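Student: Let me give you the structure first, and then I'll get to my questions.
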Amino acid sequence: MERTLILIKPDAIEKRLTGLVLSRFEALGLEIAGAKVVRATEELLRQHYDNLKGTPFVDEVVKFMMGDYNNLPDHRIYAFVLRGDNAVARVRAALGATNPEKADPWTLRGQFGCIKNGVMQNAVHASGTPQEAEREIALWFRAEEVLP
Ligand code: IDP
Ligand code: MG
């Protein structure tokens with residue numbers, strides 16, 4: 001059993017894709033181990049994207065995740081923990097490449113992602129490795145909010 005963190009990003013929230021994204025993952029046999037609406041702060045997002053620190057695009061990514069480009073002034077992000085065998089790799093495969101223009105057309109990012117005004121809007125975040133997943137789950141969820 002493995003856990004992974006999913007974030008429904010502002011572009012996918014604006015397009016009302018949450019149900020579709022979740023049903024895609026549920027069809028893989030994964031179960032939902034945590035779920036909530038989060039009003040994301042800049043501090044939380046900068047911790048989440050610690051790996052982007054020092055890149056020229058980190059500020060744009062944080063602005064995007066704060067909902068600035070998708071009419072979401074309440075800074076909402078939908079956060080989920082999914083659980084199942086090999087969950088991290090299977091979710092990433094369903095998601096496709098980071099750049100939506102390079103993602104396979106049948107993946108979630110290939111189908112629903114875009115680049116607008118030079119900013120990547122790639123619909124969904126999913127943890128890249130099991131270690132990254134556990135770090136991210138601890139960042140977004142308290143222990144009592146999520147199944148082990
Ligand atoms: P991932 O989301 O596929 O795991 P990461 O490399 O972890 O990709 O980057 C996190 C996020 O930062 C991406 O989803 C994307 O929104 C943004 N990002 C990554 N690389 C670039 C880039 O080269 N230009 C602009 N934005 C990027
Ligand atoms: Mg990543």
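Going by the structure tokens order, chains are called A, B, ..., each with residues numbered from 1, while ligands are numbered from 1 in the order shown.
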Please return as a VMD selection string the residues found within 6 Å of ligand 1, counting only C-alpha atoms and all ligand atoms.
Tutor: chain A and resid 57 61 98 120 125 128
Student: Please identify the residues whose atoms come within 9 Å of ligand 2, using only C-alpha atoms and all ligand atoms, and report them as a list of chain:residue names.
Tutor: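 Listing the residues within 9 Å of ligand 2 gives A:Tyr49, A:Asn51, A:Leu52, A:Thr98, A:His125, A:Ala126, A:Ser127, A:Gly128, A:Thr129, A:Glu132.
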Student: Output N, CA, C and O atoms for every residue in the selection just made, as a short mmCIF file (atom, residue, chain, number, x, y, z; two decimals), in the first residue's frame.
Tutor:
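Saved to selection_32.cif:
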```
data_model
loop_
_atom_site.label_atom_id
_atom_site.label_comp_id
_atom_site.auth_asym_id
_atom_site.auth_seq_id
_atom_site.Cartn_x
_atom_site.Cartn_y
_atom_site.Cartn_z
N TYR A 49 6.28 23.81 -2.85
CA TYR A 49 7.15 23.89 -4.03
C TYR A 49 8.58 24.26 -3.67
O TYR A 49 9.25 24.96 -4.42
N ASN A 51 11.10 22.57 -3.99
CA ASN A 51 12.03 22.13 -5.06
C ASN A 51 12.18 23.15 -6.18
O ASN A 51 13.10 23.06 -6.98
N LEU A 52 11.28 24.13 -6.24
CA LEU A 52 11.35 25.15 -7.30
C LEU A 52 12.10 26.40 -6.85
O LEU A 52 12.28 27.33 -7.64
N THR A 98 4.76 17.12 -17.15
CA THR A 98 4.56 18.42 -16.50
C THR A 98 4.05 19.48 -17.48
O THR A 98 3.10 20.20 -17.18
N HIS A 125 -1.81 18.42 -9.41
CA HIS A 125 -0.52 18.04 -8.83
C HIS A 125 -0.61 16.61 -8.33
O HIS A 125 -1.64 16.22 -7.74
N ALA A 126 0.45 15.83 -8.51
CA ALA A 126 0.56 14.53 -7.85
C ALA A 126 2.00 14.34 -7.43
O ALA A 126 2.93 14.72 -8.15
N SER A 127 2.20 13.74 -6.26
CA SER A 127 3.55 13.52 -5.73
C SER A 127 4.39 12.71 -6.73
O SER A 127 3.88 11.83 -7.41
N GLY A 128 5.70 13.02 -6.75
CA GLY A 128 6.60 12.37 -7.71
C GLY A 128 7.23 11.08 -7.22
O GLY A 128 7.59 10.22 -8.03
N THR A 129 7.38 10.94 -5.90
CA THR A 129 7.98 9.73 -5.32
C THR A 129 7.25 9.44 -4.01
O THR A 129 6.62 10.33 -3.43
N GLU A 132 8.39 11.90 -1.34
CA GLU A 132 7.79 13.21 -1.59
C GLU A 132 6.32 13.18 -1.14
O GLU A 132 5.82 14.14 -0.55
#
```
Student: May I have all residues of segment 83-138 of chain A that DSSP, computed from the backbone, assigns to helix (DSSP H, G or I), given as a ChimeraX atom specification?
Tutor: /A:87-95,108-112,130-138
Student: Go ahead and write the selection's residues with C-alpha atoms as a CSV table (one decimal), in the first residue's frame.
Tutor:
```
chain,number,residue,atom,x,y,z
A,87,ALA,CA,-0.3,4.6,-6.2
A,88,VAL,CA,2.5,7.3,-6.8
A,89,ALA,CA,3.6,5.9,-10.2
A,90,ARG,CA,0.2,5.0,-11.4
A,91,VAL,CA,-1.3,8.4,-10.7
A,92,ARG,CA,1.7,10.1,-12.3
A,93,ALA,CA,1.2,8.0,-15.4
A,94,ALA,CA,-2.5,9.0,-15.6
A,95,LEU,CA,-1.4,12.6,-15.2
A,108,LEU,CA,-5.2,14.4,-17.7
A,109,ARG,CA,-2.6,17.1,-18.4
A,110,GLY,CA,-2.7,16.3,-22.1
A,111,GLN,CA,-6.5,16.6,-22.2
A,112,PHE,CA,-7.1,19.5,-19.9
A,130,PRO,CA,6.7,7.9,-2.2
A,131,GLN,CA,9.0,10.0,0.0
A,132,GLU,CA,7.8,13.2,-1.6
A,133,ALA,CA,4.2,11.9,-1.0
A,134,GLU,CA,4.7,11.5,2.7
A,135,ARG,CA,6.4,14.9,3.1
A,136,GLU,CA,3.5,16.6,1.1
A,137,ILE,CA,0.7,14.7,3.0
A,138,ALA,CA,2.2,15.9,6.3
```
Student: Would you mind listing what lies within 8 Å of Glu31 of chain A as a short mmCIF file (atom, residue, chain, number, x, y, z; two decimals) with C-alpha atoms, in the first residue's frame, with only C-alpha atoms counted and same-chain residues fewer than 6 positions away left out?
Tutor:
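The resulting file, around22.cif, is shown below:
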```cif
data_model
loop_
_atom_site.label_atom_id
_atom_site.label_comp_id
_atom_site.auth_asym_id
_atom_site.auth_seq_id
_atom_site.Cartn_x
_atom_site.Cartn_y
_atom_site.Cartn_z
CA LEU A 82 -5.14 8.48 -2.60
CA ARG A 83 -4.07 5.06 -1.42
CA GLY A 84 -3.32 1.79 -3.20
#
```
Student: Check the smallest atom-to-atom distance from each of A:Arg3, A:Lys53, A:Arg39, A:Lys116 to Asp85 of chain A using only C-alpha atoms, then report the winner.
Tutor: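 Of the candidates, the smallest distance to Asp85 of chain A is held by A:Arg3.
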Student: Would you mind telling me which residue in A:Val62, A:Val81, A:His48, A:Glu14 lies nearest to Glu26 of chain A when using only C-alpha atoms?
Tutor: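 Using only C-alpha atoms, Glu26 of chain A sits closest to A:Val81.
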Student: Using only C-alpha atoms for the distances, tell me which of A:Asn70, A:Asn99, A:Thr107, A:Asn117 is nearest to Ala12 of chain A.
Tutor: A:Asn70
Student: Taking only C-alpha atoms into account, which of A:Ala103, A:Val146, A:Ala123, A:Leu20 comes nearest Lys36 of chain A?
Tutor: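 With only C-alpha atoms as the atom set, the closest residue is A:Val146.
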Student: Neighbours of Met65 of chain A within 8 Å (only C-alpha atoms; same-chain residues fewer than 6 positions away dropped), as a list in words?
Tutor: Lys9, Pro10, Leu45, His75 and Ile77 of chain A
Student: Counting only C-alpha atoms, which residue out of A:Pro56, A:Pro105, A:Gly34, A:Gly118 sits closest to Tyr69 of chain A?
Tutor: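 Smallest distance to Tyr69 of chain A is found for A:Gly118.
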